[in-house]
$ cat data_11.cif   # mmCIF, C-alpha atoms
data_coords
#
loop_
_atom_site.label_atom_id
_atom_site.label_comp_id
_atom_site.auth_asym_id
_atom_site.auth_seq_id
_atom_site.Cartn_x
_atom_site.Cartn_y
_atom_site.Cartn_z
CA MET W 1 106.38 120.50 155.92
CA THR W 2 109.57 122.15 156.97
CA GLY W 3 111.01 119.37 159.07
CA LYS W 4 114.00 117.17 158.35
CA THR W 5 113.29 113.74 156.86
CA THR W 6 115.42 110.70 157.71
CA LEU W 7 115.22 107.01 156.85
CA ARG W 8 115.90 104.15 159.22
CA SER W 9 115.08 100.49 159.76
CA VAL W 10 112.29 99.39 162.09
CA THR W 11 113.46 96.97 164.77
CA SER W 12 111.18 97.26 167.83
CA VAL W 13 107.60 96.31 168.68
CA GLU W 14 106.76 99.95 169.43
CA GLU W 15 107.98 101.00 166.00
CA VAL W 16 105.92 98.26 164.32
CA GLU W 17 102.82 99.52 166.13
CA GLN W 18 103.50 103.01 164.74
CA PHE W 19 104.06 101.42 161.33
CA GLN W 20 100.61 99.84 161.57
CA ARG W 21 98.99 103.24 162.07
CA LEU W 22 100.98 104.71 159.18
CA GLU W 23 99.83 101.85 156.95
CA GLN W 24 96.19 102.60 157.80
CA LEU W 25 96.61 106.32 157.03
CA ILE W 26 98.33 105.78 153.67
CA TRP W 27 95.87 103.21 152.31
CA GLN W 28 92.79 104.43 154.22
CA SER W 29 92.41 100.87 155.44
CA PRO W 30 90.63 99.30 158.43
CA ALA W 31 92.66 98.20 161.43
CA GLU W 32 92.13 94.52 160.63
CA ASP W 33 94.05 94.94 157.36
CA ALA W 34 97.25 96.05 159.10
CA VAL W 35 100.23 93.69 159.18
CA PRO W 36 100.09 91.99 162.61
CA VAL W 37 102.90 92.92 164.98
CA HIS W 38 103.99 89.33 165.48
CA VAL W 39 104.20 88.77 161.72
CA ALA W 40 106.19 91.96 161.13
CA ILE W 41 108.64 91.17 163.93
CA THR W 42 109.13 87.63 162.61
CA VAL W 43 109.80 88.96 159.10
CA ILE W 44 112.32 91.66 160.04
CA ARG W 45 114.23 89.25 162.29
CA ASN W 46 114.37 86.48 159.68
CA GLY W 47 115.67 88.00 156.47
CA GLY W 48 113.00 90.57 155.59
CA GLY W 49 113.04 94.27 156.26
CA MET W 50 111.07 97.38 157.11
CA ILE W 51 112.36 100.89 156.43
CA VAL W 52 110.44 104.02 157.33
CA ALA W 53 110.86 107.74 156.71
CA TYR W 54 110.62 110.04 159.72
CA ASP W 55 109.88 113.75 159.48
CA ASP W 56 110.07 116.34 162.25
CA ASP W 57 106.57 117.43 161.23
CA GLY W 58 105.17 113.91 160.89
CA PRO W 59 101.98 112.83 162.72
CA ALA W 60 102.31 112.19 166.44
CA GLU W 61 100.20 109.04 166.12
CA THR W 62 102.85 107.46 163.87
CA GLY W 63 105.79 108.69 165.92
CA GLY W 64 106.71 110.99 163.03
CA MET W 65 106.67 108.26 160.38
CA VAL W 66 105.55 109.54 156.97
CA GLY W 67 106.65 106.79 154.53
CA LEU W 68 107.37 103.08 154.55
CA THR W 69 108.56 100.03 152.67
CA PHE W 70 108.25 96.41 153.84
CA TRP W 71 109.55 93.20 152.28
CA PHE W 72 110.28 89.52 152.96
CA PRO W 73 111.99 86.55 151.25
CA GLY W 74 110.20 84.40 148.73
CA LEU W 75 110.70 81.95 145.87
CA GLY W 76 109.83 82.27 142.20
CA ALA W 77 110.79 81.49 138.62
CA PRO W 78 111.75 84.74 136.86
CA THR W 79 110.24 85.67 133.50
CA THR W 80 112.76 88.45 132.72
CA ASP W 81 116.49 88.77 133.29
CA GLY W 82 116.87 92.50 133.73
CA GLU W 83 118.06 93.42 130.24
CA THR W 84 115.87 94.08 127.21
CA ARG W 85 116.35 94.53 123.50
CA ARG W 86 114.16 95.98 120.81
CA GLN W 87 113.36 93.98 117.72
CA GLY W 88 116.50 93.84 115.57
CA ASP W 89 118.95 94.48 118.42
CA LYS W 90 120.05 90.86 118.39
CA GLU W 91 121.13 91.17 114.78
CA ARG W 92 123.10 94.30 115.71
CA GLY W 93 124.99 92.41 118.38
CA ARG W 94 123.17 93.69 121.45
CA PRO W 95 122.27 91.22 124.20
CA GLY W 96 118.75 89.88 124.29
CA SER W 97 116.43 89.20 127.19
CA PHE W 98 115.11 85.85 128.37
CA THR W 99 111.36 86.25 128.57
CA LEU W 100 108.88 83.51 129.37
CA HIS W 101 105.21 84.19 129.91
CA PRO W 102 104.07 82.75 133.28
CA SER W 103 101.46 80.55 131.60
CA GLN W 104 104.23 78.78 129.67
CA PHE W 105 105.65 77.15 132.81
CA ALA W 106 102.83 74.62 132.64
CA ASP W 107 104.27 73.43 129.30
CA PHE W 108 107.45 72.17 130.97
CA PRO W 109 107.59 68.57 132.22
CA LEU W 110 107.78 68.68 136.01
CA ALA W 111 111.37 67.40 136.10
CA THR W 112 112.60 70.09 133.70
CA ARG W 113 110.72 73.17 134.88
CA PRO W 114 112.95 76.10 135.88
CA SER W 115 114.02 75.82 139.51
CA PRO W 116 112.63 78.49 141.83
CA LEU W 117 115.06 81.22 142.79
CA LEU W 118 115.32 83.14 146.03
CA LYS W 119 113.89 86.65 145.74
CA MET W 120 112.60 89.42 147.95
CA CYS W 121 108.88 90.22 147.84
CA SER W 122 108.32 93.94 148.38
CA HIS W 123 104.86 93.89 149.91
CA MET W 124 104.39 97.59 150.70
CA ALA W 125 105.78 100.98 149.77
CA GLY W 126 103.87 104.18 150.41
CA VAL W 127 104.03 107.80 151.54
CA LEU W 128 101.47 110.00 153.29
CA PRO W 129 99.71 112.40 150.87
CA ASP W 130 101.29 115.55 152.33
CA TRP W 131 104.77 114.11 151.69
CA GLN W 132 104.12 112.82 148.18
CA GLY W 133 105.69 114.44 145.14
CA CYS W 134 109.02 115.24 146.77
CA GLY W 135 110.98 112.10 145.86
CA LEU W 136 110.49 110.29 149.16
CA GLY W 137 109.12 107.16 147.46
CA VAL W 138 112.28 106.87 145.38
CA GLN W 139 114.46 107.34 148.46
CA LEU W 140 112.64 104.54 150.27
CA LYS W 141 112.97 102.13 147.34
CA LEU W 142 116.66 102.91 146.89
CA ALA W 143 117.24 102.39 150.61
CA GLN W 144 115.49 99.04 150.22
CA ARG W 145 117.77 98.22 147.29
CA GLU W 146 120.89 98.95 149.32
CA ALA W 147 119.63 96.90 152.27
CA ILE W 148 118.89 93.86 150.10
CA LEU W 149 122.17 94.09 148.19
CA SER W 150 124.07 94.28 151.48
CA GLN W 151 122.62 90.90 152.49
CA GLY W 152 124.33 89.29 149.50
CA VAL W 153 121.71 86.56 148.99
CA THR W 154 119.68 87.80 145.99
CA THR W 155 119.49 90.65 143.50
CA TRP W 156 115.89 89.97 142.45
CA VAL W 157 112.91 91.79 143.93
CA THR W 158 109.26 91.55 142.87
CA TRP W 159 106.14 93.45 143.83
CA THR W 160 102.68 94.11 142.50
CA TYR W 161 100.96 97.42 141.77
CA ASP W 162 97.77 98.63 140.13
CA PRO W 163 98.76 99.50 136.54
CA LEU W 164 96.11 102.24 136.40
CA PHE W 165 97.95 104.47 138.90
CA ARG W 166 100.17 106.69 136.73
CA THR W 167 102.45 107.92 139.53
CA ASN W 168 103.25 104.37 140.62
CA ALA W 169 103.79 103.27 137.03
CA VAL W 170 106.33 106.02 136.35
CA LEU W 171 108.09 105.34 139.66
CA ASN W 172 108.31 101.58 139.22
CA ILE W 173 109.16 101.32 135.53
CA ARG W 174 110.80 104.59 134.51
CA ARG W 175 112.52 105.80 137.65
CA LEU W 176 113.50 102.48 139.25
CA GLY W 177 114.01 100.43 136.08
CA ALA W 178 111.69 97.52 136.91
CA LEU W 179 110.36 95.29 134.11
CA CYS W 180 106.94 93.69 133.76
CA ASN W 181 105.43 90.89 131.70
CA THR W 182 103.11 89.41 134.35
CA TYR W 183 99.47 90.40 134.85
CA LYS W 184 97.50 89.17 137.87
CA GLN W 185 93.73 89.35 137.41
CA ASP W 186 91.76 90.17 140.60
CA TRP W 187 94.87 89.06 142.48
CA TYR W 188 93.83 90.02 146.03
CA GLY W 189 90.09 89.42 145.68
CA VAL W 190 87.80 91.91 147.40
CA MET W 191 89.73 94.74 149.07
CA LYS W 192 88.31 97.09 151.71
CA ASP W 193 90.73 100.01 151.78
CA GLY W 194 89.86 103.46 150.48
CA LEU W 195 92.04 103.19 147.38
CA ASN W 196 90.85 99.80 146.14
CA ALA W 197 87.35 99.13 147.44
CA GLY W 198 84.73 98.31 144.82
CA VAL W 199 87.02 97.47 141.90
CA PRO W 200 88.72 94.23 140.77
CA SER W 201 92.18 94.02 142.34
CA ASP W 202 94.11 93.47 139.08
CA ARG W 203 97.86 93.94 139.43
CA CYS W 204 101.04 94.00 137.42
CA GLN W 205 103.95 92.10 138.97
CA VAL W 206 107.33 93.68 138.28
CA ASP W 207 110.86 92.29 138.36
CA TRP W 208 113.48 94.60 139.83
CA TRP W 209 116.97 93.32 139.05
CA LEU W 210 118.97 95.31 141.55
CA ASP W 211 122.43 94.79 140.07
CA SER W 212 121.49 94.94 136.38
CA ALA W 213 122.97 97.53 134.03
CA ARG W 214 119.45 98.82 133.42
CA VAL W 215 118.71 99.52 137.08
CA LYS W 216 122.17 100.93 137.73
CA GLU W 217 121.68 103.36 134.85
CA ARG W 218 118.34 104.56 136.20
CA VAL W 219 119.77 104.98 139.70
CA GLU W 220 123.03 106.63 138.69
CA GLN W 221 121.60 108.96 136.05
CA GLY W 222 118.59 109.95 138.11
CA ARG W 223 115.97 108.97 135.52
CA GLY W 224 112.57 110.40 136.38
CA THR W 225 113.58 113.81 137.67
CA ARG W 226 110.66 116.19 138.22
CA SER W 227 110.92 117.59 134.67
CA GLU W 228 110.87 114.13 133.09
CA ALA W 229 108.04 113.02 135.37
CA ARG W 230 105.95 115.73 133.72
CA GLY W 231 107.01 114.62 130.26
CA GLU W 232 109.47 117.49 129.84
CA GLY W 233 113.14 117.22 129.00
CA ARG W 234 114.98 115.36 126.30
CA GLY W 235 115.09 111.99 128.04
CA ALA W 236 111.42 111.21 127.52
CA GLU W 237 111.51 112.01 123.80
CA GLU W 238 114.79 110.22 123.12
CA SER W 239 113.39 106.97 124.55
CA ARG W 240 110.51 106.94 122.06
CA PRO W 241 111.05 104.35 119.26
CA PRO W 242 110.48 105.70 115.72
CA ASP W 243 108.06 102.90 114.75
CA LEU W 244 105.95 103.19 117.90
CA PHE W 245 102.24 102.30 117.68
CA VAL W 246 100.31 104.59 120.04
CA ALA W 247 96.94 103.36 121.31
CA SER W 248 94.56 106.29 121.52
CA THR W 249 92.07 107.67 124.01
CA VAL W 250 88.86 109.63 123.48
CA ALA W 251 87.18 112.46 125.36
CA SER W 252 84.76 111.44 128.12
CA GLY W 253 81.66 113.30 129.21
CA ALA W 254 83.00 113.33 132.76
CA GLY W 255 85.87 115.61 131.69
CA PHE W 256 88.40 112.75 131.62
CA ARG W 257 89.90 110.68 128.83
CA ALA W 258 88.54 107.20 128.10
CA PRO W 259 90.36 104.28 126.45
CA ALA W 260 89.50 103.84 122.77
CA ASP W 261 88.36 100.47 121.47
CA THR W 262 91.66 99.54 119.82
CA ASP W 263 93.22 96.18 119.01
CA LEU W 264 96.98 96.30 119.45
CA PRO W 265 99.06 95.15 116.44
CA LEU W 266 101.04 92.38 118.13
CA ASP W 267 103.50 92.13 115.23
CA GLY W 268 106.77 93.06 116.95
CA ARG W 269 106.43 96.83 116.73
CA PRO W 270 106.81 98.68 120.05
CA LEU W 271 103.50 99.66 121.59
CA ALA W 272 102.35 102.60 123.71
CA VAL W 273 99.39 101.78 125.97
CA PRO W 274 97.74 104.81 127.63
CA ILE W 275 97.63 105.24 131.41
CA PRO W 276 94.81 107.32 132.95
CA ASP W 277 96.09 110.57 134.40
CA ASP W 278 94.29 110.21 137.74
CA ILE W 279 92.42 106.95 138.20
CA ALA W 280 91.46 107.81 141.79
CA ALA W 281 89.64 110.95 140.61
CA ILE W 282 88.03 109.00 137.78
CA ARG W 283 86.70 106.38 140.18
CA ARG W 284 85.28 109.03 142.49
CA SER W 285 83.56 110.83 139.60
CA ASP W 286 82.53 108.02 137.25
CA ALA W 287 82.68 104.41 138.44
CA GLY W 288 81.72 103.13 134.98
CA LEU W 289 84.66 104.91 133.37
CA GLY W 290 86.96 103.56 136.06
CA MET W 291 85.82 100.03 135.22
CA ALA W 292 86.28 100.72 131.51
CA TRP W 293 89.91 101.61 132.18
CA ARG W 294 90.35 98.42 134.23
CA LEU W 295 88.97 96.18 131.51
CA SER W 296 90.84 97.95 128.72
CA MET W 297 94.20 97.72 130.50
CA ARG W 298 93.52 94.08 131.40
CA HIS W 299 92.79 93.20 127.77
CA CYS W 300 95.79 95.07 126.36
CA LEU W 301 98.39 93.79 128.79
CA ILE W 302 97.25 90.16 128.97
CA ASP W 303 97.28 89.89 125.17
CA ALA W 304 100.60 91.72 124.78
CA PHE W 305 102.37 89.71 127.48
CA ALA W 306 101.14 86.44 125.96
CA ALA W 307 102.61 87.57 122.61
CA GLY W 308 106.06 88.15 124.13
CA TYR W 309 105.93 91.84 125.01
CA VAL W 310 107.46 93.39 128.13
CA ILE W 311 106.78 96.78 129.76
CA THR W 312 110.16 98.50 129.63
CA ASP W 313 109.39 102.17 130.20
CA CYS W 314 106.77 104.87 130.66
CA LEU W 315 106.78 107.78 128.26
CA PRO W 316 104.63 110.70 127.12
CA ALA W 317 102.94 110.38 123.74
CA ALA W 318 100.10 112.44 122.27
CA GLY W 319 100.03 114.52 125.46
CA GLU W 320 99.44 111.55 127.78
CA TRP W 321 101.55 109.07 129.70
CA HIS W 322 101.81 105.58 128.20
CA TYR W 323 103.42 102.26 128.97
CA LEU W 324 106.12 101.36 126.45
CA LEU W 325 105.85 97.67 125.56
CA GLU W 326 108.65 96.08 123.56
CA TRP W 327 108.74 92.66 122.01
CA CYS W 328 111.63 90.93 123.74
CA SER W 329 111.31 87.19 123.06
CA GLU W 330 114.64 85.57 122.31
CA ASP W 331 113.61 82.46 120.40
CA ARG W 332 111.57 83.98 117.54
CA THR W 333 112.23 86.50 114.79
CA SER W 334 108.64 87.72 114.76
CA PRO W 335 105.56 87.13 116.90
#
$ encode --input "data_11.cif" --output "structure tokens"
Amino acid sequence: MTGKTTLRSVTSVEEVEQFQRLEQLIWQSPAEDAVPVHVAITVIRNGGGMIVAYDDDGPAETGGMVGLTFWFPGLGAPTTDGETRRQGDKERGRPGSFTLHPSQFADFPLATRPSPLLKMCSHMAGVLPDWQGCGLGVQLKLAQREAILSQGVTTWVTWTYDPLFRTNAVLNIRRLGALCNTYKQDWYGVMKDGLNAGVPSDRCQVDWWLDSARVKERVEQGRGTRSEARGEGRGAEESRPPDLFVASTVASGAGFRAPADTDLPLDGRPLAVPIPDDIAAIRRSDAGLGMAWRLSMRHCLIDAFAAGYVITDCLPAAGEWHYLLEWCSEDRTSP
């Protein structure tokens, strides 16, 4: 890959057809899973957007496209507000974060439930394997951010991702500054693509507050440079709370790490929940271990979110990447 890479918006039917082929290559998906041309055209001409990365050395069948992001307007009731505090920050005068677990909306009388807000739903973001690892995913998401901010209608974006994919976790939470306290169990049902077939389609849904101080800091300071993405550099260590509880893993016979049978202490202390290093390789080698990771992550995150925790970062601990979960509820002094 020696060609020049550029980003631009998709506007024509021909470009959408090339986008369809790129989508199939990235997710190893059947043709019937591709976004229909008529749907994509309707979206991009009515408030949504589609940005692609072109490379001089990109595949001819995609017209040189090597990366993509696609989004559309939606409605929702947010469960975070873009700023977080650790336990005790409120007493020290730092602003807190409004957090409400999604299940709690049912407790509101219909007339007093929070009104839905306009948001953008980022449905896809991906890069061909040969172009991964060079920062192109970040460039696409930041181009999406600028496009949505330029519309002037919302600063809130949501999307879902599989919490077992470490690279996506670090990108979404650490590098982009998204927050998460929403877990969707088997959200898409049975999926047929090469990355998701045969496993429950559990997802985390993140909130990306485009104009928040948190996101601006991540964007302006370049959090998640290549050294930090490997767990090197001072930034990763400085973000580790002193009273952090680190959930452990154990050696697996398949040569991978397996989640340990650990109950998280949901007492307000920050928590570190391990992320498998390469879930795709684990699934190819040991389907049972892949399912063990799915069930362990499901249990940990559902319980932690219900107790008022929010995923605020990804950090290295004990030689492995972990989610950092912080207790951020505003209306209680302890869980």
$ axis_aligned_box --input "data_11.cif" --around "segment 275-283 of chain W" --padding-each-side "8 Å" --output "lines of an AutoDock Vina configuration file"
center_x = 92.2
center_y = 108.1
center_z = 136.6
size_x = 26.9
size_y = 21.7
size_z = 26.4
$ closest_residue --input "data_11.cif" --among "W:Met191, W:Ala197, W:Ala178, W:Val37" --to "Asp211 of chain W" --atoms "only C-alpha atoms"
W:Ala178
$ closest_residue --input "data_11.cif" --among "W:Leu315, W:Ala281, W:Met120, W:Val16" --to "Ala169 of chain W" --atoms "only C-alpha atoms"
W:Leu315
$ residues_around --input "data_11.cif" --residues "Pro59 of chain W" --least-positions-apart "6" --cutoff "10 Å" --atoms "only C-alpha atoms" --output "ChimeraX atom specification"
/W:22,65-66,128
$ resolve_selection --input "data_11.cif" --expression "the PyMOL selection byres ((chain W and resi 259) around 12)" --output "JSON list (two decimals) with C-alpha atoms, keeping the file's coordinate frame"
[["chain", "number", "residue", "atom", "x", "y", "z"],
["W", 164, "LEU", "CA", 96.11, 102.24, 136.40],
["W", 246, "VAL", "CA", 100.31, 104.59, 120.04],
["W", 247, "ALA", "CA", 96.94, 103.36, 121.31],
["W", 248, "SER", "CA", 94.56, 106.29, 121.52],
["W", 249, "THR", "CA", 92.07, 107.67, 124.01],
["W", 250, "VAL", "CA", 88.86, 109.63, 123.48],
["W", 251, "ALA", "CA", 87.18, 112.46, 125.36],
["W", 252, "SER", "CA", 84.76, 111.44, 128.12],
["W", 256, "PHE", "CA", 88.40, 112.75, 131.62],
["W", 257, "ARG", "CA", 89.90, 110.68, 128.83],
["W", 258, "ALA", "CA", 88.54, 107.20, 128.10],
["W", 260, "ALA", "CA", 89.50, 103.84, 122.77],
["W", 261, "ASP", "CA", 88.36, 100.47, 121.47],
["W", 262, "THR", "CA", 91.66, 99.54, 119.82],
["W", 263, "ASP", "CA", 93.22, 96.18, 119.01],
["W", 273, "VAL", "CA", 99.39, 101.78, 125.97],
["W", 274, "PRO", "CA", 97.74, 104.81, 127.63],
["W", 275, "ILE", "CA", 97.63, 105.24, 131.41],
["W", 276, "PRO", "CA", 94.81, 107.32, 132.95],
["W", 277, "ASP", "CA", 96.09, 110.57, 134.40],
["W", 289, "LEU", "CA", 84.66, 104.91, 133.37],
["W", 290, "GLY", "CA", 86.96, 103.56, 136.06],
["W", 291, "MET", "CA", 85.82, 100.03, 135.22],
["W", 292, "ALA", "CA", 86.28, 100.72, 131.51],
["W", 293, "TRP", "CA", 89.91, 101.61, 132.18],
["W", 294, "ARG", "CA", 90.35, 98.42, 134.23],
["W", 295, "LEU", "CA", 88.97, 96.18, 131.51],
["W", 296, "SER", "CA", 90.84, 97.95, 128.72],
["W", 297, "MET", "CA", 94.20, 97.72, 130.50],
["W", 298, "ARG", "CA", 93.52, 94.08, 131.40],
["W", 299, "HIS", "CA", 92.79, 93.20, 127.77],
["W", 300, "CYS", "CA", 95.79, 95.07, 126.36],
["W", 320, "GLU", "CA", 99.44, 111.55, 127.78],
["W", 322, "HIS", "CA", 101.81, 105.58, 128.20]]
$ atom_distance --input "data_11.cif" --atom1 "atom CA of Gly137 of chain W" --atom2 "atom CA of Gly49 of chain W"
16.1 Å
$ closest_residue --input "data_11.cif" --among "W:Ala280, W:Leu266, W:Leu271, W:Leu325" --to "Asp303 of chain W" --atoms "all atoms listed in the file"
W:Leu266
$ resolve_selection --input "data_11.cif" --expression "the PyMOL selection byres ((chain W and resi 29) around 12)" --output "list in words"
Gln20, Arg21, Leu22, Glu23, Gln24, Leu25, Ile26, Trp27, Gln28, Pro30, Ala31, Glu32, Asp33, Ala34, Val35, Met191, Lys192, Asp193, Gly194, Leu195, Asn196 and Ala197 of chain W
$ write_last_selection --input "data_11.cif" --atoms "C-alpha atoms" --output "mmCIF file, keeping the file's coordinate frame"
data_model
loop_
_atom_site.group_PDB
_atom_site.id
_atom_site.type_symbol
_atom_site.label_atom_id
_atom_site.label_comp_id
_atom_site.auth_asym_id
_atom_site.auth_seq_id
_atom_site.Cartn_x
_atom_site.Cartn_y
_atom_site.Cartn_z
ATOM 1 C CA GLN W 20 100.610 99.840 161.570
ATOM 2 C CA ARG W 21 98.990 103.240 162.070
ATOM 3 C CA LEU W 22 100.980 104.710 159.180
ATOM 4 C CA GLU W 23 99.830 101.850 156.950
ATOM 5 C CA GLN W 24 96.190 102.600 157.800
ATOM 6 C CA LEU W 25 96.610 106.320 157.030
ATOM 7 C CA ILE W 26 98.330 105.780 153.670
ATOM 8 C CA TRP W 27 95.870 103.210 152.310
ATOM 9 C CA GLN W 28 92.790 104.430 154.220
ATOM 10 C CA PRO W 30 90.630 99.300 158.430
ATOM 11 C CA ALA W 31 92.660 98.200 161.430
ATOM 12 C CA GLU W 32 92.130 94.520 160.630
ATOM 13 C CA ASP W 33 94.050 94.940 157.360
ATOM 14 C CA ALA W 34 97.250 96.050 159.100
ATOM 15 C CA VAL W 35 100.230 93.690 159.180
ATOM 16 C CA MET W 191 89.730 94.740 149.070
ATOM 17 C CA LYS W 192 88.310 97.090 151.710
ATOM 18 C CA ASP W 193 90.730 100.010 151.780
ATOM 19 C CA GLY W 194 89.860 103.460 150.480
ATOM 20 C CA LEU W 195 92.040 103.190 147.380
ATOM 21 C CA ASN W 196 90.850 99.800 146.140
ATOM 22 C CA ALA W 197 87.350 99.130 147.440
#
$ atom_distance --input "data_11.cif" --atom1 "atom CA of Trp159 of chain W" --atom2 "atom CA of Pro265 of chain W"
28.3 Å
$ atom_distance --input "data_11.cif" --atom1 "atom CA of Ser150 of chain W" --atom2 "atom CA of Pro73 of chain W"
14.3 Å
$ resolve_selection --input "data_11.cif" --expression "the PyMOL selection byres ((chain W and resi 172) around 12)" --output "PyMOL selection string"
chain W and resi 122+125+137-138+141-142+157-163+165-171+173-180+204-209+215+218-219+223-224+311-314+323
$ residues_near_point --input "data_11.cif" --point "(118.3, 102.5, 158.2)" --cutoff "8 Å" --atoms "all atoms listed in the file" --output "MDAnalysis selection string"
chainID W and resid 7:10 51 143
$ residues_near_point --input "data_11.cif" --point "(107.0, 96.9, 154.7)" --cutoff "7 Å" --atoms "only C-alpha atoms" --output "JSON, numbers by chain"
{"W": [49, 50, 51, 68, 69, 70, 71, 123, 124, 125]}
$ closest_residue --input "data_11.cif" --among "W:Lys4, W:Arg145, W:Arg45, W:Arg284" --to "Gly198 of chain W" --atoms "all atoms listed in the file"
W:Arg284
